[in-house]
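S.K.: Let me give you the structure first, and then I'll get to my questions.
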Amino acid sequence: MISHRHTEAPWMRNLFIGASVAFVGLLILLPVISVFTEAFRKGLAFYFTSISDPLAMSALRLTLITAAITLGANLIFGLAASWLIAKFSFPGRNLLLSLIDLPFAVSPVISGLVFVLLFGAQGWFGDSLSSHGIQIIFATPGVILATIFVTFPFIARELIPLMQEQGAEEEEAAVLLGANGWQIFRRVTLPNIRWALVYGVVLANARAMGEFGAVSVVSGHIRGRTNTLPLHVEILYNEYNFSAAFAVASLLALLALVTLVAKAALEWRIRAEERPAVMEEVV
Amino acid sequence: MLRLRQHSVIPGFGLTLGYTLSYLSLIVLIPLSALAVKGAAQPWSQFSEAVFDPRTLAAWRLTFGTAFIASLINAFFGLIVAWTLVRYDFPGRRILDALIDVPFALPTAVSGIALTAIYSQNGWMGRWLQPLGIKAAFSPLGIVIALTFIGLPFIVRTVQPAVEDLDPAVEEAASLLGASRLTALRRVILPALQPALIAGFITAFARSLGEYGSVIFISGNMPMKTEIASLLIVTKLEQFDYAGAAAIGLLMLVSSFVLLFLVNVGQWWSTRHLRRAA
């Protein structure tokens with residue numbers, strides 16, 4: 001990888017490698033392994049009963065619905081925001097960029113808290129909502145809102161730097177050739193950003209399906225109705241139903257592992273697409 | 001509206017500007033300002049009682065203390081891991097690299113129960129620590145372990161690019177001038193990595209302050225002893241004490257904003273500094 005002429009002595013190198021492997025193995029790998037061993041502790045039959053339990057299934061359903069709506073909403077926003085920021089220059093652009101990143105700096109519980117303060121029983125809009133019979137907190141809309149909030153920057157964050165780097169020349173050429181806005185987006189912009197788009201969606205999806213703190217504050221933990229998979233894990237665990245909790249948790253762990261594999265594959269793909277461009281520059 | 005921007009032939013400025021600003025306001029700005037208003041618009045006596053009563057003070061001390069220790073541990077090992085991943089080739093390097101991202105991808109509730117299972121009395125680690133008189137789960141040590149788990153990727157992923165960017169000529173010069181490898185590591189390489197290390201430390205620290213899911217299972221949540229600030233917010237909300245929850249939440253939000261602002265200023269300063277030096 002690198003010329004080893006000025007590198008550390010072998011004993012030191014082995015010490016560093018050993019320390020890294022031991023630290024990461026104990027801290028990170030051990031918990032991942034334990035999720036699966038705990039999940040299968042009571043056998044396969046118990047495992048499949050736990051994950052096909054009606055309450056687990058309804059939690060899975062809510063998790064899937066929430067993720068689908070969240071990703072759709074944040075995808076449209078990500079495309080609009082990146083088009084705006086990358087293709088036009090206007091005052092306040094940097095401020096807008098920082099504002100889009102804000103939810104990254106907000107901790108999970110606070111991400112739920114803000115919606116309780118708005119829509120909860122004693123929140124700003126609590127009275128008018130309840131007089132119209134609309135419930136947001138302790139109901140599905142609250143779960144979805146909190147999830148949209150925590151995953152808000154993910155897709156925009158992937159698209160903006162890429163589209164800024166690509167500039168607006170291809171789009172400008174398309175305008176001159178008579179293409180309309182939608183055609184430009186479909187035929188010119190989208191093919192250039194598709195892998196970054198998928199990358200953003202994959203990361204946002206992992207967070208949307210796994211979010212715990214924010215959702216826990218707004219959901220009310222109503223079984224069969226406002227429980228997502230992570231909340232279901234918590235309830236089972238607090239009932240000392242450990243094997244069932246780990247069985248459901250293993251589904252989420254599997255999602256995380258699939259996400260990491262997809263992330264690595266996409267990074268490889270994105271780099272592979274960038275390489276020919278670099279070659280051209282060199283030539 | 002159109003005069004806002006420089007002339008461009010590309011369509012969609014008005015539409016995307018309108019949509020971006022409305023969506024941003026509805027999802028992010030209005031909810032966050034609700035917290036600011038609800039938290040700040042209460043008499044000082046009420047605010048300070050919510051934020052500084054003994055139970056909350058104990059939670060602040062615990063939250064900041066455990067986050068600080070965990071981030072220190074991560075700064076030390078994270079530096080070694082980042083160095084190892086960039087500089088050495090060994091079997092399993094790619095797997096080690098991929099494992100660093102696990103805390104990002106694994107839902108916090110899952111890491112929480114897994115860590116608790118490992119470090120409780122009968123767990124894989126707990127059964128070794130128990131005879132030594134070390135109680136890991138349901139103690140502040142457990143919180144440190146959970147925060148170390150979630151904080152590691154922040155340090156490694158910040159330091160890794162800095163190690164990649166190190167100028168080999170500087171290391172070569174140090175060795176030609178007769179410095180031993182240890183001296184070069186300490187006097188030349190470490191100072192060059194320091195800005196990234198500090199940025200990673202603060203980011204991990206800020207993130208640890210608000211961590212919830214991976215902590216609440218292993219902490220045991222005893223008031224005055226192992227109760228973190230995020231959990232106090234949840235407790236206050238369950239008692240419908242919105243103002244108290246907002247007060248604690250506002251203080252947490254301000255602290256993490258200040259910390260992340262410091263990181264940004266630091267990065268801005270060091271790039272400017274480097275550019276001037278070059």
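Labeling convention for the structure tokens: chains A, B, ... as they appear, residues from 1 per chain, ligands from 1 in order of appearance.
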I want to know what sits within 10 Å of Leu185 of chain B, based on only C-alpha atoms, with residues of the same chain fewer than 5 positions away left out; could you give that as a list in words?
M.R.: Thr7 and Glu8 of chain A; Glu171, Ala174, Ala179, Ser180, Leu190, Pro191 and Ala192 of chain B
S.K.: With C-alpha atoms retained, could you export that selection as an mmCIF file, in the first residue's frame?
M.R.:
data_model
loop_
_atom_site.group_PDB
_atom_site.id
_atom_site.type_symbol
_atom_site.label_atom_id
_atom_site.label_comp_id
_atom_site.auth_asym_id
_atom_site.auth_seq_id
_atom_site.Cartn_x
_atom_site.Cartn_y
_atom_site.Cartn_z
ATOM 1 C CA THR A 7 7.221 2.947 8.728
ATOM 2 C CA GLU A 8 7.034 1.461 12.187
ATOM 3 C CA GLU B 171 7.850 11.715 7.579
ATOM 4 C CA ALA B 174 12.013 13.412 9.965
ATOM 5 C CA ALA B 179 14.455 11.036 14.291
ATOM 6 C CA SER B 180 13.464 7.595 15.480
ATOM 7 C CA LEU B 190 0.467 13.369 15.947
ATOM 8 C CA PRO B 191 0.455 17.201 15.688
ATOM 9 C CA ALA B 192 -0.611 16.914 12.039
#
S.K.: From a backbone DSSP assignment, name each residue in segment 33-170 of chain B labelled helix (DSSP H, G or I), as a ChimeraX atom specification.
M.R.: /B:33-40,44-52,54-87,93-99,102-105,108-119,126-132,140-164,168-170
S.K.: Quick one: everything within 9 Å of segment 123-138 of chain A, counting only C-alpha atoms, minus sequence neighbours fewer than 3 positions away in the same chain. Send it as an mmCIF file with N, CA and C atoms, in the first residue's frame.
M.R.:
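As written to disk, part.cif reads:
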data_model
loop_
_atom_site.group_PDB
_atom_site.id
_atom_site.type_symbol
_atom_site.label_atom_id
_atom_site.label_comp_id
_atom_site.auth_asym_id
_atom_site.auth_seq_id
_atom_site.Cartn_x
_atom_site.Cartn_y
_atom_site.Cartn_z
ATOM 1 N N PHE A 115 -42.270 17.812 18.320
ATOM 2 C CA PHE A 115 -43.606 17.561 17.772
ATOM 3 C C PHE A 115 -44.654 17.423 18.880
ATOM 4 N N VAL A 116 -44.221 16.932 20.053
ATOM 5 C CA VAL A 116 -45.146 16.899 21.187
ATOM 6 C C VAL A 116 -45.503 18.332 21.594
ATOM 7 N N LEU A 117 -44.507 19.229 21.585
ATOM 8 C CA LEU A 117 -44.765 20.619 21.962
ATOM 9 C C LEU A 117 -45.720 21.292 20.973
ATOM 10 N N LEU A 118 -45.696 20.845 19.715
ATOM 11 C CA LEU A 118 -46.604 21.423 18.721
ATOM 12 C C LEU A 118 -47.995 20.798 18.784
ATOM 13 N N PHE A 119 -48.014 19.463 18.778
ATOM 14 C CA PHE A 119 -49.288 18.780 18.548
ATOM 15 C C PHE A 119 -49.802 17.991 19.754
ATOM 16 N N GLY A 120 -49.048 17.954 20.864
ATOM 17 C CA GLY A 120 -49.477 17.199 22.034
ATOM 18 C C GLY A 120 -50.676 17.839 22.697
ATOM 19 N N PRO A 141 -49.515 9.552 12.486
ATOM 20 C CA PRO A 141 -48.907 10.760 11.904
ATOM 21 C C PRO A 141 -47.698 11.275 12.694
ATOM 22 N N GLY A 142 -47.757 11.171 14.023
ATOM 23 C CA GLY A 142 -46.630 11.623 14.849
ATOM 24 C C GLY A 142 -45.390 10.789 14.584
ATOM 25 N N VAL A 143 -45.596 9.462 14.491
ATOM 26 C CA VAL A 143 -44.477 8.558 14.215
ATOM 27 C C VAL A 143 -43.831 8.931 12.880
ATOM 28 N N LEU A 145 -44.035 11.882 11.220
ATOM 29 C CA LEU A 145 -43.397 13.211 11.295
ATOM 30 C C LEU A 145 -42.021 13.137 11.954
ATOM 31 N N VAL A 217 -40.863 8.866 21.825
ATOM 32 C CA VAL A 217 -41.489 10.000 22.507
ATOM 33 C C VAL A 217 -42.896 10.275 21.959
ATOM 34 N N VAL A 218 -43.083 10.127 20.632
ATOM 35 C CA VAL A 218 -44.371 10.508 20.045
ATOM 36 C C VAL A 218 -45.351 9.345 19.893
ATOM 37 N N SER A 219 -44.879 8.108 20.060
ATOM 38 C CA SER A 219 -45.741 6.990 19.681
ATOM 39 C C SER A 219 -46.759 6.610 20.749
ATOM 40 N N GLY A 220 -46.389 6.725 22.025
ATOM 41 C CA GLY A 220 -47.298 6.289 23.070
ATOM 42 C C GLY A 220 -47.302 4.784 23.280
ATOM 43 N N HIS A 221 -46.520 4.053 22.481
ATOM 44 C CA HIS A 221 -46.387 2.600 22.646
ATOM 45 C C HIS A 221 -47.717 1.863 22.699
ATOM 46 N N ILE A 222 -48.631 2.195 21.801
ATOM 47 C CA ILE A 222 -49.899 1.464 21.796
ATOM 48 C C ILE A 222 -49.723 0.225 20.933
ATOM 49 N N THR A 226 -49.446 1.825 17.360
ATOM 50 C CA THR A 226 -48.407 2.838 17.122
ATOM 51 C C THR A 226 -47.025 2.307 17.449
ATOM 52 N N ALA B 34 -40.704 25.990 18.138
ATOM 53 C CA ALA B 34 -41.640 25.665 19.222
ATOM 54 C C ALA B 34 -40.862 25.313 20.485
ATOM 55 N N TYR B 242 -44.674 19.751 30.130
ATOM 56 C CA TYR B 242 -44.101 20.166 28.849
ATOM 57 C C TYR B 242 -43.034 21.235 29.033
#
S.K.: Have a look at A:Ala179, A:Gly224, A:Ala105, A:Phe23 and name the one nearest to Leu259 of chain B; count only C-alpha atoms.
M.R.: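 Result for the nearest residue to Leu259 of chain B: A:Ala105.
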S.K.: Which residue, B:Val9, B:Leu262, B:Leu209, B:Ala169, has the smallest gap to Val175 of chain A when you use only C-alpha atoms?
M.R.: B:Val9
S.K.: May I have the residues within 10 Å of Ala80 of chain A as a CSV table (one decimal) with C-alpha atoms, in the first residue's frame, using only C-alpha atoms and disregarding those fewer than 3 positions away in the same chain?
M.R.:
chain,number,residue,atom,x,y,z
A,74,ASN,CA,-37.6,13.3,1.8
A,75,LEU,CA,-36.7,12.1,-1.7
A,76,ILE,CA,-38.9,14.8,-3.3
A,77,PHE,CA,-37.4,17.4,-0.9
A,83,TRP,CA,-31.7,21.3,-7.9
A,84,LEU,CA,-32.1,24.7,-6.2
A,85,ILE,CA,-28.7,24.8,-4.6
A,156,ALA,CA,-30.3,16.0,0.2
B,12,GLY,CA,-37.4,25.6,-11.9
B,13,PHE,CA,-36.0,28.2,-9.6
B,15,LEU,CA,-40.8,26.1,-7.8
B,16,THR,CA,-37.8,24.5,-6.1
B,17,LEU,CA,-37.2,27.6,-3.9
B,18,GLY,CA,-40.8,27.7,-2.8
B,19,TYR,CA,-40.9,24.0,-2.1
B,20,THR,CA,-37.6,23.7,-0.3
S.K.: Determine the nearest neighbour of Phe257 of chain B from the options A:Ala67, A:Leu99, A:Ala204, A:Leu26, counting only C-alpha atoms.
M.R.: A:Leu99
S.K.: Excluding segment 35-37 of chain A and residues on its chain fewer than 5 positions from it, collect all residues at most 6 Å away from it, counting only C-alpha atoms, and give them as a PyMOL selection string.
M.R.: (chain A and resi 246+250) or (chain B and resi 114)
S.K.: Selection from above, N, CA and C atoms, as a PDB file, in the first residue's frame, can you write it?
M.R.:
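Okay, this is what ended up in selection-v5.pdb:
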ATOM      1  N   PHE A 246     -34.929 -10.366  21.259  1.00  0.00           N
ATOM      2  CA  PHE A 246     -33.756 -10.521  20.387  1.00  0.00           C
ATOM      3  C   PHE A 246     -34.138 -11.079  19.019  1.00  0.00           C
ATOM      4  N   SER A 250     -33.149  -9.208  15.802  1.00  0.00           N
ATOM      5  CA  SER A 250     -32.287  -9.795  14.778  1.00  0.00           C
ATOM      6  C   SER A 250     -32.735  -9.369  13.376  1.00  0.00           C
TER       7      SER A 250
ATOM      8  N   ALA B 114     -28.343  -5.537  23.205  1.00  0.00           N
ATOM      9  CA  ALA B 114     -27.214  -6.457  23.013  1.00  0.00           C
ATOM     10  C   ALA B 114     -26.108  -6.153  24.020  1.00  0.00           C
TER      11      ALA B 114
END
